[in-house]
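K.L.:
Sharing target_8.cif, mmCIF, C-alpha atoms and all ligand atoms:
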```cif
data_data
#
loop_
_atom_site.label_atom_id
_atom_site.label_comp_id
_atom_site.auth_asym_id
_atom_site.auth_seq_id
_atom_site.Cartn_x
_atom_site.Cartn_y
_atom_site.Cartn_z
CA MET H 1 20.84 4.57 -26.63
CA ALA H 2 22.80 6.88 -24.33
CA GLN H 3 19.95 6.61 -21.89
CA ILE H 4 20.08 2.81 -21.87
CA THR H 5 23.84 2.90 -21.30
CA ALA H 6 23.38 5.31 -18.44
CA VAL H 7 20.79 3.04 -16.86
CA ASN H 8 23.05 0.02 -17.26
CA TYR H 9 25.91 1.97 -15.74
CA LEU H 10 23.72 2.99 -12.84
CA LEU H 11 22.60 -0.59 -12.28
CA LEU H 12 26.21 -1.78 -12.47
CA ILE H 13 27.16 0.67 -9.75
CA LEU H 14 24.16 -0.39 -7.70
CA CYS H 15 25.04 -4.02 -8.27
CA LEU H 16 28.54 -3.67 -6.93
CA ARG H 17 28.29 -0.93 -4.44
CA CYS H 18 29.17 -1.04 -0.83
CA CYS H 19 27.42 1.67 1.03
CA PHE H 20 25.93 2.90 4.26
CA SER H 21 22.27 2.73 5.00
CA ASP H 22 20.36 5.56 6.67
CA ASP H 23 21.21 4.28 10.12
CA GLY H 24 24.92 4.16 9.33
CA HIS H 25 25.28 0.39 8.97
CA GLU H 26 27.54 -0.91 6.25
CA MET H 27 25.74 -2.84 3.52
CA GLU H 28 26.58 -4.64 0.32
CA GLU H 29 24.27 -5.43 -2.55
CA PHE H 30 24.25 -8.42 -4.88
CA LEU H 31 21.90 -8.99 -7.78
CA LYS H 32 19.94 -12.21 -7.28
CA ARG H 33 19.16 -13.49 -10.76
CA GLU H 34 16.77 -16.19 -9.62
CA HIS H 35 14.51 -13.52 -8.12
CA SER H 36 14.92 -11.03 -10.98
CA LEU H 37 12.99 -10.48 -14.16
CA SER H 38 14.69 -8.74 -17.07
CA LYS H 39 15.14 -8.76 -20.86
CA PRO H 40 15.16 -10.96 -22.81
CA TYR H 41 12.21 -12.58 -21.14
CA GLN H 42 13.23 -16.05 -22.22
CA GLY H 43 10.79 -18.83 -21.56
CA ILE H 44 8.72 -16.63 -19.27
CA GLY H 45 5.31 -18.09 -18.64
CA ALA H 46 6.16 -21.45 -20.12
CA SER H 47 5.76 -24.04 -17.42
CA GLY H 48 8.94 -24.87 -15.63
CA SER H 49 11.35 -23.11 -17.96
CA SER H 50 11.37 -19.75 -16.25
CA HIS H 51 11.48 -18.45 -12.71
CA TRP H 52 8.46 -16.32 -13.56
CA GLU H 53 4.87 -17.19 -14.29
CA LEU H 54 2.22 -15.12 -16.08
CA MET H 55 -1.44 -14.73 -15.30
CA GLY H 56 -4.56 -13.16 -16.80
CA ASP H 57 -4.17 -10.72 -19.68
CA THR H 58 -0.40 -10.35 -19.33
CA MET H 59 1.47 -10.33 -22.65
CA VAL H 60 5.21 -10.51 -23.11
CA SER H 61 6.99 -8.73 -25.98
CA THR H 62 10.66 -8.03 -26.58
CA ASP H 63 10.42 -4.70 -24.74
CA GLN H 64 8.20 -5.36 -21.76
CA VAL H 65 5.91 -7.57 -19.77
CA ARG H 66 2.56 -5.87 -20.33
CA LEU H 67 0.33 -6.63 -17.35
CA THR H 68 -2.65 -4.94 -18.98
CA PRO H 69 -3.17 -3.30 -22.33
CA ASP H 70 -4.88 0.10 -22.56
CA MET H 71 -8.30 -1.55 -22.66
CA GLN H 72 -11.22 -1.78 -20.25
CA SER H 73 -11.64 -4.55 -17.67
CA LYS H 74 -8.28 -6.28 -17.97
CA GLN H 75 -6.08 -7.72 -15.28
CA GLY H 76 -2.77 -9.43 -15.32
CA ALA H 77 0.16 -10.41 -13.17
CA VAL H 78 3.63 -11.86 -13.21
CA TRP H 79 4.81 -13.92 -10.25
CA SER H 80 8.09 -15.39 -9.16
CA ARG H 81 7.97 -19.14 -8.73
CA ILE H 82 10.72 -19.09 -6.13
CA PRO H 83 10.09 -18.09 -2.52
CA CYS H 84 12.56 -15.51 -1.27
CA ASN H 85 14.49 -16.40 1.85
CA LEU H 86 16.60 -13.26 2.05
CA LYS H 87 16.40 -11.23 5.24
CA ASP H 88 17.38 -7.93 3.65
CA TRP H 89 16.72 -6.98 0.09
CA GLU H 90 16.02 -4.25 -2.39
CA LEU H 91 13.67 -4.61 -5.32
CA GLN H 92 14.16 -2.23 -8.23
CA VAL H 93 11.20 -2.10 -10.53
CA HIS H 94 11.53 -0.49 -13.94
CA PHE H 95 7.99 0.19 -15.07
CA LYS H 96 5.95 2.27 -17.47
CA ILE H 97 2.32 3.39 -17.26
CA HIS H 98 0.94 5.01 -20.37
CA GLY H 99 -2.27 5.33 -22.32
CA GLN H 100 -4.71 7.46 -24.24
CA GLY H 101 -6.70 8.62 -21.21
CA LYS H 102 -6.35 12.22 -20.09
CA LYS H 103 -5.53 13.06 -16.47
CA ASN H 104 -7.81 11.22 -14.04
CA LEU H 105 -9.47 9.39 -16.93
CA ASN H 106 -7.16 6.43 -16.72
CA GLY H 107 -6.77 3.56 -14.30
CA ASP H 108 -6.37 1.76 -12.14
CA GLY H 109 -2.66 1.25 -11.53
CA LEU H 110 -0.17 -1.45 -10.72
CA ALA H 111 1.13 -3.17 -7.62
CA VAL H 112 4.37 -4.78 -6.57
CA TRP H 113 4.09 -7.65 -4.12
CA TYR H 114 5.99 -9.66 -1.56
CA THR H 115 3.30 -12.05 -0.37
CA LYS H 116 2.60 -15.52 0.93
CA GLU H 117 0.02 -16.06 -1.82
CA ARG H 118 0.73 -15.97 -5.53
CA MET H 119 -1.16 -16.38 -8.81
CA GLN H 120 -4.58 -15.44 -7.48
CA LYS H 121 -6.80 -13.02 -9.37
CA GLY H 122 -8.65 -10.33 -7.47
CA PRO H 123 -9.69 -6.73 -7.00
CA VAL H 124 -6.47 -5.35 -5.48
CA PHE H 125 -4.72 -4.18 -8.64
CA GLY H 126 -5.40 -7.59 -10.13
CA ASN H 127 -4.35 -9.56 -7.06
CA LYS H 128 -6.41 -11.21 -4.31
CA ASP H 129 -7.83 -9.23 -1.40
CA PHE H 130 -6.97 -10.25 2.18
CA PHE H 131 -3.43 -10.90 1.05
CA THR H 132 -0.62 -11.76 3.46
CA GLY H 133 2.51 -9.66 3.11
CA LEU H 134 3.56 -6.43 1.50
CA GLY H 135 1.92 -4.53 -1.35
CA VAL H 136 3.29 -1.35 -2.88
CA PHE H 137 0.68 0.27 -5.09
CA VAL H 138 1.01 2.79 -7.87
CA ASP H 139 -2.57 4.01 -7.85
CA THR H 140 -3.40 6.14 -10.88
CA TYR H 141 -7.11 6.76 -10.24
CA PRO H 142 -8.51 8.74 -7.26
CA ASN H 143 -11.58 6.66 -6.37
CA GLU H 144 -12.03 8.34 -3.00
CA GLU H 145 -12.45 11.84 -4.39
CA LYS H 146 -14.98 10.61 -6.92
CA HIS H 147 -16.75 8.63 -4.21
CA ILE H 148 -17.00 11.63 -1.86
CA GLU H 149 -18.20 13.83 -4.70
CA ALA H 150 -20.85 11.30 -5.71
CA GLN H 151 -22.08 10.61 -2.18
CA LYS H 152 -21.90 14.24 -1.01
CA LYS H 153 -20.40 12.87 2.19
CA ARG H 154 -19.92 15.23 5.07
CA TYR H 155 -16.60 13.77 6.15
CA THR H 156 -13.31 14.96 4.80
CA PRO H 157 -10.06 13.03 4.70
CA ARG H 158 -7.35 14.27 7.06
CA THR H 159 -4.98 14.90 4.21
CA GLN H 160 -5.55 15.39 0.54
CA ARG H 161 -3.62 13.06 -1.71
CA ILE H 162 -2.56 13.92 -5.23
CA PHE H 163 -2.77 11.15 -7.82
CA PRO H 164 -1.07 9.13 -9.18
CA TYR H 165 -0.17 8.08 -5.66
CA VAL H 166 2.29 5.46 -4.44
CA LEU H 167 1.51 3.78 -1.15
CA ALA H 168 2.47 0.74 0.90
CA MET H 169 0.22 -1.68 2.75
CA VAL H 170 1.02 -4.69 4.92
CA GLY H 171 -1.70 -7.32 5.14
CA ASN H 172 -1.93 -10.27 7.54
CA GLY H 173 -4.62 -12.20 5.66
CA THR H 174 -7.56 -10.68 7.55
CA ILE H 175 -7.47 -7.12 6.25
CA SER H 176 -9.28 -5.90 3.18
CA TYR H 177 -7.95 -3.27 0.80
CA ASP H 178 -10.53 -0.50 0.57
CA HIS H 179 -10.72 0.22 -3.13
CA GLU H 180 -13.29 3.02 -2.74
CA ARG H 181 -10.89 4.87 -0.42
CA ASP H 182 -7.76 4.06 -2.43
CA GLY H 183 -6.47 2.02 0.50
CA ARG H 184 -6.39 4.91 2.92
CA PRO H 185 -7.45 2.90 6.04
CA THR H 186 -4.48 0.60 5.55
CA GLU H 187 -1.95 3.06 4.19
CA LEU H 188 1.42 2.95 5.95
CA GLY H 189 2.77 5.88 3.99
CA GLY H 190 2.89 7.20 0.47
CA CYS H 191 3.70 9.96 -1.95
CA ASN H 192 2.52 11.60 -5.10
CA ALA H 193 4.26 10.40 -8.29
CA MET H 194 3.45 11.85 -11.69
CA ILE H 195 4.43 8.74 -13.60
CA ARG H 196 2.06 8.55 -16.56
CA ASN H 197 3.01 9.02 -20.19
CA LEU H 198 6.63 9.94 -19.53
CA LYS H 199 9.30 9.69 -22.23
CA HIS H 200 12.06 8.74 -19.79
CA ASP H 201 12.42 5.62 -17.64
CA THR H 202 10.55 5.36 -14.35
CA PHE H 203 11.64 3.26 -11.38
CA LEU H 204 10.29 2.17 -8.05
CA PHE H 205 12.62 0.99 -5.31
CA VAL H 206 11.40 -1.10 -2.43
CA ARG H 207 14.05 -1.64 0.19
CA TYR H 208 13.65 -3.87 3.21
CA VAL H 209 16.64 -3.76 5.51
CA ARG H 210 16.72 -4.44 9.25
CA ARG H 211 12.91 -4.49 9.23
CA ARG H 212 12.86 -0.99 7.82
CA LEU H 213 10.71 -0.52 4.75
CA THR H 214 11.79 2.25 2.42
CA VAL H 215 10.14 3.07 -0.85
CA MET H 216 11.80 5.47 -3.26
CA ILE H 217 10.93 6.60 -6.75
CA ASP H 218 13.05 7.71 -9.68
CA ILE H 219 10.63 9.30 -12.10
CA ASP H 220 12.19 12.59 -13.19
CA GLY H 221 14.67 11.12 -15.64
CA GLN H 222 17.58 12.37 -13.51
CA HIS H 223 18.60 9.00 -11.99
CA GLU H 224 17.92 10.41 -8.59
CA TRP H 225 15.96 8.59 -5.95
CA ARG H 226 13.22 10.50 -4.22
CA ASP H 227 12.01 9.33 -0.81
CA CYS H 228 8.43 8.18 -0.80
CA LEU H 229 8.01 6.41 2.52
CA ASP H 230 10.19 5.07 5.28
CA ILE H 231 8.76 2.90 8.04
CA PRO H 232 10.72 1.08 10.75
CA GLY H 233 9.50 -2.04 12.51
CA VAL H 234 7.98 -3.78 9.50
CA ARG H 235 7.95 -7.50 10.17
CA LEU H 236 7.75 -9.65 7.07
CA PRO H 237 8.22 -13.42 7.14
CA LEU H 238 10.78 -15.15 4.93
CA GLY H 239 9.74 -17.38 2.06
CA TYR H 240 7.20 -15.12 0.39
CA TYR H 241 6.92 -14.47 -3.36
CA PHE H 242 7.65 -11.39 -5.41
CA GLY H 243 5.16 -10.39 -8.05
CA ALA H 244 3.58 -7.52 -9.94
CA SER H 245 0.01 -7.06 -11.05
CA ALA H 246 -2.26 -4.47 -12.63
CA ILE H 247 -5.91 -3.90 -13.37
CA THR H 248 -8.08 -1.72 -15.57
CA GLY H 249 -11.80 -1.02 -15.13
CA ASP H 250 -13.94 1.47 -16.98
CA LEU H 251 -10.73 3.43 -17.38
CA SER H 252 -7.49 1.92 -18.60
CA ASP H 253 -3.76 2.21 -19.23
CA ASN H 254 -0.92 0.07 -20.48
CA HIS H 255 0.80 -1.21 -17.33
CA ASP H 256 4.26 -2.42 -18.28
CA ILE H 257 7.02 -4.02 -16.28
CA ILE H 258 10.38 -3.67 -18.01
CA SER H 259 12.37 -5.28 -15.22
CA MET H 260 12.24 -6.31 -11.59
CA LYS H 261 15.70 -6.70 -10.13
CA LEU H 262 16.22 -8.07 -6.68
CA TYR H 263 19.37 -7.27 -4.76
CA GLN H 264 20.40 -9.11 -1.69
CA ILE H 265 21.64 -6.65 0.87
CA THR H 266 24.26 -7.95 3.21
CA VAL H 267 24.00 -6.34 6.59
CA LEU H 268 26.56 -6.95 9.26
CA ARG H 269 24.74 -8.07 12.39
CA SER H 270 26.25 -8.64 15.78
CA LYS H 271 25.77 -12.00 17.48
CA GLN H 272 23.44 -10.27 19.93
CA GLU H 273 21.32 -8.85 17.07
CA GLU H 274 21.12 -12.28 15.45
CA ASP H 275 19.96 -13.79 18.73
CA ASP H 276 17.42 -11.05 19.36
CA GLU H 277 15.66 -11.59 16.06
CA GLU H 278 12.92 -14.10 16.57
CA GLU H 279 11.29 -15.62 13.53
CA VAL H 280 8.35 -13.73 12.06
CA THR H 281 5.33 -15.82 11.08
CA VAL H 282 2.65 -13.17 10.56
CA PRO H 283 3.30 -9.80 8.89
CA SER H 284 2.90 -6.81 11.18
CA VAL H 285 4.19 -3.31 11.76
CA GLU H 286 5.39 -2.25 15.20
CA ASN H 287 3.32 0.49 16.84
CA ILE H 288 0.90 0.69 13.92
CA GLU H 289 -2.53 -0.89 13.60
CA LEU H 290 -2.69 -2.37 10.12
CA LEU H 291 -6.31 -1.21 9.77
CA ARG H 292 -7.19 2.24 11.04
CA THR H 293 -10.10 4.62 10.90
CA TYR H 294 -9.04 7.85 9.37
CA TYR H 295 -12.01 10.14 8.90
CA GLU H 296 -12.31 13.17 11.08
CA SER H 297 -15.86 14.20 11.68
CA GLU H 298 -16.25 17.57 10.09
CA GLY H 299 -17.87 18.97 13.25
CA MET H 300 -21.60 19.23 13.76
CA SER H 301 -23.61 21.53 11.59
CA GLY H 302 -25.80 24.26 13.12
CA ILE H 303 -28.95 22.19 12.68
CA ALA H 304 -27.34 19.15 14.27
CA ILE H 305 -26.26 21.23 17.28
CA PHE H 306 -29.80 22.72 17.58
CA PHE H 307 -31.44 19.29 17.61
CA THR H 308 -28.84 17.83 19.97
CA VAL H 309 -29.48 20.64 22.47
CA LEU H 310 -33.26 20.40 21.96
CA PHE H 311 -33.39 16.64 22.54
CA SER H 312 -31.01 16.90 25.50
CA MET H 313 -33.30 19.48 27.11
CA LEU H 314 -36.40 17.43 26.35
CA GLY H 315 -34.69 14.37 27.84
CA LEU H 316 -33.70 16.31 30.95
CA PHE H 317 -37.24 17.71 31.30
CA LEU H 318 -38.69 14.21 30.99
CA LEU H 319 -36.27 12.92 33.66
CA ILE H 320 -37.26 15.74 36.02
CA VAL H 321 -40.99 15.05 35.45
CA VAL H 322 -40.52 11.32 36.03
CA GLY H 323 -38.44 12.13 39.11
CA ILE H 324 -41.12 14.41 40.54
CA VAL H 325 -43.87 11.86 39.87
CA VAL H 326 -41.88 9.05 41.49
CA TYR H 327 -40.97 11.24 44.46
CA SER H 328 -44.50 12.46 45.09
CA HIS H 329 -45.78 8.90 44.79
CA TRP H 330 -43.18 7.71 47.27
CA SER H 331 -43.83 10.52 49.79
CA GLU H 332 -47.60 9.93 49.53
CA ASN H 333 -47.07 6.24 50.35
CA ARG H 334 -44.89 7.25 53.28
CA ARG H 335 -47.56 9.65 54.55
CA LYS H 336 -50.16 6.88 54.33
CA ARG H 337 -48.01 4.68 56.50
CA PHE H 338 -47.87 7.34 59.20
CA TYR H 339 -51.59 7.88 59.37
CA CA C 1 -7.58 4.08 -6.97
#
```
Can you give me the file's structure in the form of structure tokens?

P.N.:
Amino acid sequence: MAQITAVNYLLLILCLRCCFSDDGHEMEEFLKREHSLSKPYQGIGASGSSHWELMGDTMVSTDQVRLTPDMQSKQGAVWSRIPCNLKDWELQVHFKIHGQGKKNLNGDGLAVWYTKERMQKGPVFGNKDFFTGLGVFVDTYPNEEKHIEAQKKRYTPRTQRIFPYVLAMVGNGTISYDHERDGRPTELGGCNAMIRNLKHDTFLFVRYVRRRLTVMIDIDGQHEWRDCLDIPGVRLPLGYYFGASAITGDLSDNHDIISMKLYQITVLRSKQEEDDEEEVTVPSVENIELLRTYYESEGMSGIAIFFTVLFSMLGLFLLIVVGIVVYSHWSENRRKRFY
């Protein structure tokens, strides 16, 4: 009970606070109820009577919106019906991932969305692939490691990631999420987050202010935010939808959303800044390709070097032989012309 009160107190402070962002600009936050999902989940899913709509295997109880139960091959989602036209916002997601599976024998995770599309099933944590907008994923299963192990691939990722792993991706409708690589080719940033089977509350914060995307996590039960990623120059159009989704495969977990609270953040902009901001129609990130190659070749093995040198020498030898033949042929012809 004390814990709940503390959380409420924290949220009250967050709701009313006036603060300074990282770049020193003054901001104010206001809870936007029409974009928020919280207890009691009255009328949720019923057509027209709630701002939120359910999909797939999602089940609502008094305590949570369960996107998937701890069972194989389930997927579910909850989507806002109302497009969000706020320029600057912060989404605070109170979630819980728990199940019977031991470490690395659970999956696959959940995602929080701000996208053009809504209510479409698919392989990206229960949402469609080639989405348009922002996805923040809490990935609980390391597919890439298993894939590399199975394929005995010679490449190694540049950095090792520890799972569960939180990462952000921006899609423009033409980019696929690479499930086998846990989204590494499209990862904008991320962090490790040991969020499974915890007794205390776990939160994810997605803040989008002045085109700066910041993701923070509060998972240690200390009501402290920990930085996860921080990317400037993220251009997201207005009018997209918030949602959350989850999927299980051979491995499973309960993926629960307890609340999603959206805060409008009021940022003071100068007239000049207002004028400089042209309207964004397609999501993008400044100075970053949304799809990148990321594997470093491990370097050639001894055998590969041997054969490369061998074939190079053979090629060179062949060129010299051909050259000599052509030259002798040519000089013979020339001689014939003289005599
Ligand atoms: Ca994964």

K.L.:
Counting only C-alpha atoms, what is within 10 Å of Ser61 (chain H), bar same-chain residues fewer than 5 positions away, as an MDAnalysis selection string?

P.N.:
chainID H and resid 39:41 66

K.L.:
Write as a PyMOL selection string the residues around ligand CA 1 (chain C), taking 7 Å as the cut-off and counting all atoms listed in the file.

P.N.:
chain H and resi 108+139-143+179+182

K.L.:
Would you put the residues from that selection into a file with C-alpha atoms, as a PDB file, keeping the file's coordinate frame?

P.N.:
```pdb
ATOM      1  CA  ASP H 108      -6.370   1.760 -12.140  1.00  0.00           C
ATOM      2  CA  ASP H 139      -2.570   4.010  -7.850  1.00  0.00           C
ATOM      3  CA  THR H 140      -3.400   6.140 -10.880  1.00  0.00           C
ATOM      4  CA  TYR H 141      -7.110   6.760 -10.240  1.00  0.00           C
ATOM      5  CA  PRO H 142      -8.510   8.740  -7.260  1.00  0.00           C
ATOM      6  CA  ASN H 143     -11.580   6.660  -6.370  1.00  0.00           C
ATOM      7  CA  HIS H 179     -10.720   0.220  -3.130  1.00  0.00           C
ATOM      8  CA  ASP H 182      -7.760   4.060  -2.430  1.00  0.00           C
TER       9      ASP H 182
END
```

K.L.:
Choose the residue, out of H:Ile324, H:Ile257, H:Leu290, H:Ile175, that has the smallest atom-to-atom separation from Phe130 (chain H); count only C-alpha atoms.

P.N.:
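With only C-alpha atoms as the atom set, the closest residue is H:Ile175.
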
K.L.:
With only C-alpha atoms as the basis for distance, which of H:Val209, H:Ala111, H:Val325, H:Ala46 is at the shortest distance from Glu29 (chain H)?

P.N.:
H:Val209

K.L.:
Counting only C-alpha atoms, which of H:Leu229, H:Leu54, H:Leu238, H:Val206 gets nearest to Lys121 (chain H)?

P.N.:
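Using only C-alpha atoms, the shortest distance to Lys121 (chain H) belongs to H:Leu54.
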
K.L.:
Here is a test: counting only C-alpha atoms, which residue of H:Lys271, H:Lys74, H:Lys116, H:Arg226 is nearest to His255 (chain H)?

P.N.:
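Smallest separation from His255 (chain H) among the options: H:Lys74.
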
K.L.:
Counting all atoms listed in the file, figure out which residue out of H:Gln264, H:Thr174, H:Ser245, H:Asn106 gets nearest to Asn197 (chain H).

P.N.:
H:Asn106

K.L.:
Which distance in Å separates CA of Leu86 (chain H) and CA of Phe30 (chain H), to one decimal?

P.N.:
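Atom-to-atom, CA of Leu86 (chain H) and CA of Phe30 (chain H) are spaced 11.4 Å apart.
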
K.L.:
Nearest residue to Arg292 (chain H) out of H:Arg207, H:Arg161, H:Arg184, H:His200, using all atoms listed in the file?

P.N.:
H:Arg184

K.L.:
Scan for residues within 12 Å of the point (14.7, -5.3, -9.4) in the coordinates of the file, using only C-alpha atoms, and reply as a compact mmCIF listing (two decimals) with C-alpha atoms, in the frame of the given file.

P.N.:
```txt
# COMPACT_ATOMS: atom_id res chain seq x y z
CA LEU H 11 22.60 -0.59 -12.28
CA LEU H 14 24.16 -0.39 -7.70
CA CYS H 15 25.04 -4.02 -8.27
CA GLU H 29 24.27 -5.43 -2.55
CA PHE H 30 24.25 -8.42 -4.88
CA LEU H 31 21.90 -8.99 -7.78
CA LYS H 32 19.94 -12.21 -7.28
CA ARG H 33 19.16 -13.49 -10.76
CA GLU H 34 16.77 -16.19 -9.62
CA HIS H 35 14.51 -13.52 -8.12
CA SER H 36 14.92 -11.03 -10.98
CA LEU H 37 12.99 -10.48 -14.16
CA SER H 38 14.69 -8.74 -17.07
CA LYS H 39 15.14 -8.76 -20.86
CA TRP H 89 16.72 -6.98 0.09
CA GLU H 90 16.02 -4.25 -2.39
CA LEU H 91 13.67 -4.61 -5.32
CA GLN H 92 14.16 -2.23 -8.23
CA VAL H 93 11.20 -2.10 -10.53
CA HIS H 94 11.53 -0.49 -13.94
CA PHE H 95 7.99 0.19 -15.07
CA VAL H 112 4.37 -4.78 -6.57
CA PHE H 203 11.64 3.26 -11.38
CA LEU H 204 10.29 2.17 -8.05
CA PHE H 205 12.62 0.99 -5.31
CA VAL H 206 11.40 -1.10 -2.43
CA ARG H 207 14.05 -1.64 0.19
CA PHE H 242 7.65 -11.39 -5.41
CA GLY H 243 5.16 -10.39 -8.05
CA ALA H 244 3.58 -7.52 -9.94
CA ILE H 257 7.02 -4.02 -16.28
CA ILE H 258 10.38 -3.67 -18.01
CA SER H 259 12.37 -5.28 -15.22
CA MET H 260 12.24 -6.31 -11.59
CA LYS H 261 15.70 -6.70 -10.13
CA LEU H 262 16.22 -8.07 -6.68
CA TYR H 263 19.37 -7.27 -4.76
CA GLN H 264 20.40 -9.11 -1.69
```

K.L.:
Can you tell me how far CA of Glu53 (chain H) sits from CA of Lys128 (chain H), in Å to one decimal?

P.N.:
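So the two atoms, CA of Glu53 (chain H) and CA of Lys128 (chain H), lie 16.2 Å apart.
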
K.L.:
How many Å lie between CA of Asn287 (chain H) and CA of Cys228 (chain H), rounded to one decimal?

P.N.:
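CA of Cys228 (chain H) lies at a distance of 19.9 Å from CA of Asn287 (chain H).
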
K.L.:
Any idea what's packed within 10 Å of Gly190 (chain H), counting only C-alpha atoms, ignoring anything in its chain fewer than 6 positions away? Could you give it as a PyMOL selection string?

P.N.:
chain H and resi 136-138+161+165-169+184+215-216+227-230

K.L.:
Counting only C-alpha atoms, write as a PyMOL selection string all protein and nucleic acid residues lying at most 12 Å from (-0.5, -9.2, 13.9) in the file's frame.

P.N.:
chain H and resi 132-133+170-175+234-237+280-291

K.L.:
Axis-aligned box over every listed atom of region 310-315 of chain H, padded by 4 Å per side: centre and edges in Å to one decimal, as JSON?

P.N.:
```
{"center_x": -33.7, "center_y": 17.4, "center_z": 24.9, "size_x": 13.4, "size_y": 14.0, "size_z": 13.9}
```

K.L.:
May I have the residues within 8 Å of Glu117 (chain H) as JSON, numbers by chain, using all atoms listed in the file and disregarding those fewer than 3 positions away in the same chain?

P.N.:
{"H": [120, 131, 132, 240, 241]}

K.L.:
Write to file, as a PDB file, in the coordinates of the input, the residues of the selection just made, with C-alpha atoms.

P.N.:
```pdb
ATOM      1  CA  GLN H 120      -4.580 -15.440  -7.480  1.00  0.00           C
ATOM      2  CA  PHE H 131      -3.430 -10.900   1.050  1.00  0.00           C
ATOM      3  CA  THR H 132      -0.620 -11.760   3.460  1.00  0.00           C
ATOM      4  CA  TYR H 240       7.200 -15.120   0.390  1.00  0.00           C
ATOM      5  CA  TYR H 241       6.920 -14.470  -3.360  1.00  0.00           C
TER       6      TYR H 241
END
```
